[in-house]
Structure formats: structure tokens, C-alpha cells
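A short write-up of the structure that comes next.
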Amino acid sequence: MKAQVNEIKISYKGGLKSSMWQKISSSQDAAELLYEDWDKDTIGVQETFKVVLLNNSNKVKGVYQLSQGGITSTQIDLRILFAVILKSLSVAIILTHNHPSGKLQPSDADKSLTNKIKNASKLFDITILDHLIFAPNGDYYSFSDNGIL
């Protein structure tokens with residue numbers, strides 16, 4: 001009997017052709033795209049972590065919600081994050097999460113997580129372009145713009 005295994009695959013919803021993918025040239029471009037996509041019913045209630053997957057022209061292949069947690073935190077599993085990045089053949093990413101409190105300054109945990117992801121991404125030649133933190137009103141903090149990436 002021949003051995004059988006399950007296939008894991010990534011799919012794209014919406015059928016947007018690659019020629020229509022949005023190019024990210026600044027933190028503002030990313031913030032506008034992400035805030036529009038964010039569930040406004042939960043942005044002020046639960047912390048959510050997402051990753052923007054980009055091709056080598058900084059065009060958005062997709063946005064993947066990695067986790068949704070509680071009021072003050074959400075759990076990030078780096079293995080799942082990198083499984084999605086690698087399976088989608090992305091070469092750059094933008095990390096993002098929200099602070100339901102509205103406080104835009106990154107916590108020590110936010111900085112530590114970003115550095116951990118940054119170090120791991122070097123092994124796969126994946127560029128982290130930014131890490132954005134959103135307040136419920138749409139204001140954001142950019143790690144890149146503030147020189148801490």
C-alpha cells in the first residue's frame with residue numbers, strides 16, 4: 001500500500017490579480033491599507049496581530065491574521081508566522097497589531113518580539129519593513145519611522 005499524506009496549501013481569497021496588488025512605499029501606505037481592513041468592532045476591545053505579506057516589489061500579496069487575544073495581549077507563535085511567510089513565498093513583511101488602550105508606545109514585550117522575529121527572518125532572507133501599532137481611532141506608531149527596527 002502506498003503511503004498517503006495531507007497537503008498543506010495557502011490560498012488567496014478575492015481573486016485580485018497580481019497586477020492590482022497595492023505597492024507599499026511608506027508606513028502611511030501600510031497604515032491606510034491595514035486600518036481599512038481592521039474589524040472596527042474589535043479594534044478597541046481585543047488585541048490582534050497580523051502580518052502583511054509582500055513580494056520583491058513591496059506589493060501586498062495578502063494580509064494574514066496570526067492571532068487574536070485579550071484586552072492587553074495576544075499570543076504569537078513564530079512557527080506559524082514563518083510557516084505562512086515561507087509557504088506564501090513572501091520576501092518581505094510588515095508586522096502589525098493593535099493596542100485597545102489607545103497607547104501607541106511599544107511595550108518592552110513588543111520590542112522584544114520584533115527583535116526575535118527580525119533575528120529569525122535573517123535566516124530566510126526575509127526583510128521586515130516595519131511593525132505598526134494601531135490605536136482604535138486609526139492613529140499608528142511605526143517602528144521603522146521611529147528608528148527602532
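Ordering of the C-alpha cells sets the chain letters (A, B, ...); residue numbers start at 1 within each chain; ligands are numbered from 1 in the order shown.
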Would you kindly return, as a list of chain:residue names, each protein, DNA or RNA residue with an atom no farther than 7 Å from any atom of segment 59-72 of chain A, considering only C-alpha atoms and excluding same-chain residues fewer than 4 positions away? A:Trp21, A:Gln22, A:Lys23, A:Ile24, A:Val45, A:Gln46, A:Glu47, A:Thr48, A:Phe49, A:Lys50, A:Val51, A:Val52, A:Leu53, A:Leu54, A:Asn55, A:Ile76, A:Leu81, A:Pro100
Those residues you just picked out, can you put them in a file as a PDB file, in the first residue's frame with N, CA, C and O atoms?
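Heads up, here's the output in again_36.pdb:
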```pdb
ATOM      1  N   TRP A  21      -2.185  44.326  -7.140  1.00  0.00           N
ATOM      2  CA  TRP A  21      -1.726  44.357  -5.758  1.00  0.00           C
ATOM      3  C   TRP A  21      -1.189  45.739  -5.414  1.00  0.00           C
ATOM      4  O   TRP A  21      -0.485  46.363  -6.209  1.00  0.00           O
ATOM      5  N   GLN A  22      -1.516  46.212  -4.218  1.00  0.00           N
ATOM      6  CA  GLN A  22      -1.092  47.541  -3.780  1.00  0.00           C
ATOM      7  C   GLN A  22       0.383  47.547  -3.399  1.00  0.00           C
ATOM      8  O   GLN A  22       0.863  46.667  -2.708  1.00  0.00           O
ATOM      9  N   LYS A  23       1.086  48.577  -3.862  1.00  0.00           N
ATOM     10  CA  LYS A  23       2.504  48.740  -3.524  1.00  0.00           C
ATOM     11  C   LYS A  23       2.602  49.551  -2.236  1.00  0.00           C
ATOM     12  O   LYS A  23       1.910  50.549  -2.062  1.00  0.00           O
ATOM     13  N   ILE A  24       3.476  49.103  -1.357  1.00  0.00           N
ATOM     14  CA  ILE A  24       3.724  49.807  -0.097  1.00  0.00           C
ATOM     15  C   ILE A  24       5.044  50.565  -0.230  1.00  0.00           C
ATOM     16  O   ILE A  24       6.094  49.965  -0.436  1.00  0.00           O
ATOM     17  N   VAL A  45     -11.259  46.494  21.599  1.00  0.00           N
ATOM     18  CA  VAL A  45     -11.613  45.504  22.615  1.00  0.00           C
ATOM     19  C   VAL A  45     -10.531  44.435  22.789  1.00  0.00           C
ATOM     20  O   VAL A  45     -10.138  44.121  23.905  1.00  0.00           O
ATOM     21  N   GLN A  46     -10.072  43.869  21.669  1.00  0.00           N
ATOM     22  CA  GLN A  46      -9.126  42.753  21.712  1.00  0.00           C
ATOM     23  C   GLN A  46      -7.881  43.079  20.912  1.00  0.00           C
ATOM     24  O   GLN A  46      -7.962  43.690  19.841  1.00  0.00           O
ATOM     25  N   GLU A  47      -6.741  42.624  21.435  1.00  0.00           N
ATOM     26  CA  GLU A  47      -5.504  42.790  20.694  1.00  0.00           C
ATOM     27  C   GLU A  47      -5.429  41.717  19.606  1.00  0.00           C
ATOM     28  O   GLU A  47      -5.717  40.550  19.847  1.00  0.00           O
ATOM     29  N   THR A  48      -5.069  42.151  18.409  1.00  0.00           N
ATOM     30  CA  THR A  48      -4.963  41.273  17.247  1.00  0.00           C
ATOM     31  C   THR A  48      -3.613  41.496  16.587  1.00  0.00           C
ATOM     32  O   THR A  48      -3.138  42.628  16.496  1.00  0.00           O
ATOM     33  N   PHE A  49      -2.988  40.430  16.120  1.00  0.00           N
ATOM     34  CA  PHE A  49      -1.685  40.512  15.458  1.00  0.00           C
ATOM     35  C   PHE A  49      -1.840  40.005  14.031  1.00  0.00           C
ATOM     36  O   PHE A  49      -2.404  38.936  13.808  1.00  0.00           O
ATOM     37  N   LYS A  50      -1.350  40.805  13.081  1.00  0.00           N
ATOM     38  CA  LYS A  50      -1.429  40.447  11.665  1.00  0.00           C
ATOM     39  C   LYS A  50      -0.057  40.614  11.020  1.00  0.00           C
ATOM     40  O   LYS A  50       0.796  41.333  11.531  1.00  0.00           O
ATOM     41  N   VAL A  51       0.094  39.987   9.869  1.00  0.00           N
ATOM     42  CA  VAL A  51       1.303  40.164   9.078  1.00  0.00           C
ATOM     43  C   VAL A  51       0.896  40.466   7.638  1.00  0.00           C
ATOM     44  O   VAL A  51      -0.018  39.834   7.095  1.00  0.00           O
ATOM     45  N   VAL A  52       1.549  41.464   7.061  1.00  0.00           N
ATOM     46  CA  VAL A  52       1.352  41.806   5.651  1.00  0.00           C
ATOM     47  C   VAL A  52       2.446  41.081   4.878  1.00  0.00           C
ATOM     48  O   VAL A  52       3.636  41.230   5.182  1.00  0.00           O
ATOM     49  N   LEU A  53       2.041  40.309   3.889  1.00  0.00           N
ATOM     50  CA  LEU A  53       2.964  39.516   3.077  1.00  0.00           C
ATOM     51  C   LEU A  53       3.239  40.254   1.773  1.00  0.00           C
ATOM     52  O   LEU A  53       2.298  40.640   1.075  1.00  0.00           O
ATOM     53  N   LEU A  54       4.516  40.438   1.458  1.00  0.00           N
ATOM     54  CA  LEU A  54       4.898  41.251   0.303  1.00  0.00           C
ATOM     55  C   LEU A  54       5.803  40.485  -0.650  1.00  0.00           C
ATOM     56  O   LEU A  54       6.584  39.621  -0.236  1.00  0.00           O
ATOM     57  N   ASN A  55       5.726  40.869  -1.939  1.00  0.00           N
ATOM     58  CA  ASN A  55       6.652  40.302  -2.917  1.00  0.00           C
ATOM     59  C   ASN A  55       7.902  41.184  -2.999  1.00  0.00           C
ATOM     60  O   ASN A  55       8.051  42.133  -2.228  1.00  0.00           O
ATOM     61  N   ILE A  76       1.739  35.005  20.100  1.00  0.00           N
ATOM     62  CA  ILE A  76       2.326  34.875  18.768  1.00  0.00           C
ATOM     63  C   ILE A  76       3.167  33.600  18.726  1.00  0.00           C
ATOM     64  O   ILE A  76       4.086  33.438  19.524  1.00  0.00           O
ATOM     65  N   LEU A  81       3.846  31.831  12.165  1.00  0.00           N
ATOM     66  CA  LEU A  81       4.178  33.034  11.401  1.00  0.00           C
ATOM     67  C   LEU A  81       5.093  32.696  10.233  1.00  0.00           C
ATOM     68  O   LEU A  81       4.806  33.045   9.080  1.00  0.00           O
ATOM     69  N   PRO A 100      -5.724  48.121  22.209  1.00  0.00           N
ATOM     70  CA  PRO A 100      -7.070  48.591  22.524  1.00  0.00           C
ATOM     71  C   PRO A 100      -7.093  49.801  23.466  1.00  0.00           C
ATOM     72  O   PRO A 100      -8.024  50.611  23.419  1.00  0.00           O
TER      73      PRO A 100
END
```
How many Å separate atom CA of Asp130 of chain A from atom CA of Thr96 of chain A? 8.1 Å
How close does segment 64-87 of chain A get to segment 121-126 of chain A? List, as a tab-separated table, each residue of segment 64-87 of chain A within 9 Å, its nearest atom pair and the distance in Å to one decimal, counting only C-alpha atoms.
```
residue	atom	partner	partner_atom	distance
A:Phe82	CA	A:Ser121	CA	8.2
A:Ile85	CA	A:Ile126	CA	8.7
A:Leu86	CA	A:Phe124	CA	8.4
```
Kindly export the residues of the current selection with N, CA and C atoms, as a compact mmCIF listing (two decimals), in the first residue's frame.
```txt
# COMPACT_ATOMS: atom_id res chain seq x y z
N PHE A 82 6.18 31.99 10.51
CA PHE A 82 7.12 31.68 9.44
C PHE A 82 6.60 30.62 8.48
N ILE A 85 4.66 32.78 6.06
CA ILE A 85 5.57 33.59 5.24
C ILE A 85 6.26 32.73 4.18
N LEU A 86 6.78 31.60 4.60
CA LEU A 86 7.53 30.74 3.67
C LEU A 86 6.62 30.07 2.66
```
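Rounded to one decimal, atom CA of Asn146 of chain A and atom CA of Ser73 of chain A lie 22.2 Å from each other.
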Residues flagged strand (DSSP E) by DSSP in segment 21-116 of chain A, as an NGL selection string: :A and (48-54 or 60-68 or 92-98)
Which residue is closest to Ile128 of chain A? Choose from A:Val5, A:Ala109, A:Leu104, A:Ile148 and count only C-alpha atoms. A:Ile148
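Across the model, the gap from atom CA of Tyr141 of chain A to atom CA of Leu89 of chain A is 27.2 Å.
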Would you please give, as JSON, numbers by chain, all residues of chain A that DSSP assigns to alpha helix (DSSP H) based on the backbone? {"A": [27, 28, 29, 30, 31, 32, 33, 34, 35, 36, 37, 78, 79, 80, 81, 82, 83, 84, 85, 86, 87, 108, 109, 110, 111, 112, 113, 114, 115, 116, 117, 118, 119, 120, 121, 122, 123]}
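Among the candidate residues A:Glu36, A:Leu149, A:Gln28, A:Ser19, the one lying nearest to Asn119 of chain A is A:Leu149, with distances computed using only C-alpha atoms.
Excluding Ser26 of chain A itself and same-chain residues fewer than 4 positions from it, the residues having an atom within 12 Å of it are Gln22, Ala30, Ala31, Glu32, Leu33, Asn58, Lys59, Ile94, Leu129, Asp130, His131, Leu132, Ser142, Phe143, Ser144 and Asp145 of chain A, counting only C-alpha atoms.
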Quick one: everything within 10 Å of Leu78 of chain A, counting only C-alpha atoms, minus sequence neighbours fewer than 4 positions away in the same chain. Send it as a VMD selection string. chain A and resid 66 82 to 84 113 116 to 117 120
Store the residues picked out above in a file with N, CA and C atoms, as an mmCIF file, in the first residue's frame.
```cif
data_model
loop_
_atom_site.group_PDB
_atom_site.id
_atom_site.type_symbol
_atom_site.label_atom_id
_atom_site.label_comp_id
_atom_site.auth_asym_id
_atom_site.auth_seq_id
_atom_site.Cartn_x
_atom_site.Cartn_y
_atom_site.Cartn_z
ATOM 1 N N LEU A 66 -2.669 36.433 12.406
ATOM 2 C CA LEU A 66 -1.981 35.358 13.110
ATOM 3 C C LEU A 66 -2.653 35.015 14.431
ATOM 4 N N PHE A 82 6.177 31.986 10.514
ATOM 5 C CA PHE A 82 7.122 31.678 9.438
ATOM 6 C C PHE A 82 6.604 30.617 8.483
ATOM 7 N N ALA A 83 5.734 29.739 8.929
ATOM 8 C CA ALA A 83 5.115 28.782 8.010
ATOM 9 C C ALA A 83 4.306 29.525 6.953
ATOM 10 N N VAL A 84 3.562 30.545 7.376
ATOM 11 C CA VAL A 84 2.752 31.329 6.442
ATOM 12 C C VAL A 84 3.646 32.134 5.504
ATOM 13 N N LEU A 113 9.597 41.005 20.958
ATOM 14 C CA LEU A 113 9.018 40.153 19.920
ATOM 15 C C LEU A 113 9.511 40.566 18.541
ATOM 16 N N LYS A 116 13.002 39.389 18.061
ATOM 17 C CA LYS A 116 13.030 37.933 17.897
ATOM 18 C C LYS A 116 12.650 37.548 16.461
ATOM 19 N N ILE A 117 11.605 38.182 15.938
ATOM 20 C CA ILE A 117 11.167 37.919 14.563
ATOM 21 C C ILE A 117 12.230 38.394 13.577
ATOM 22 N N ALA A 120 15.111 35.896 13.482
ATOM 23 C CA ALA A 120 14.716 34.665 12.786
ATOM 24 C C ALA A 120 14.597 34.898 11.285
#
```
Which neighbours of Ala135 of chain A fall inside 7 Å, counting only C-alpha atoms, when residues of the same chain fewer than 4 positions from it are skipped, and could you give them as a ChimeraX atom specification? /A:98-100,102-104,139-140
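Of the listed residues A:Thr42, A:Ser27, A:Gln75, A:Asn56, the one whose atoms come nearest to Asn137 of chain A is A:Thr42, with distances taken using only C-alpha atoms.
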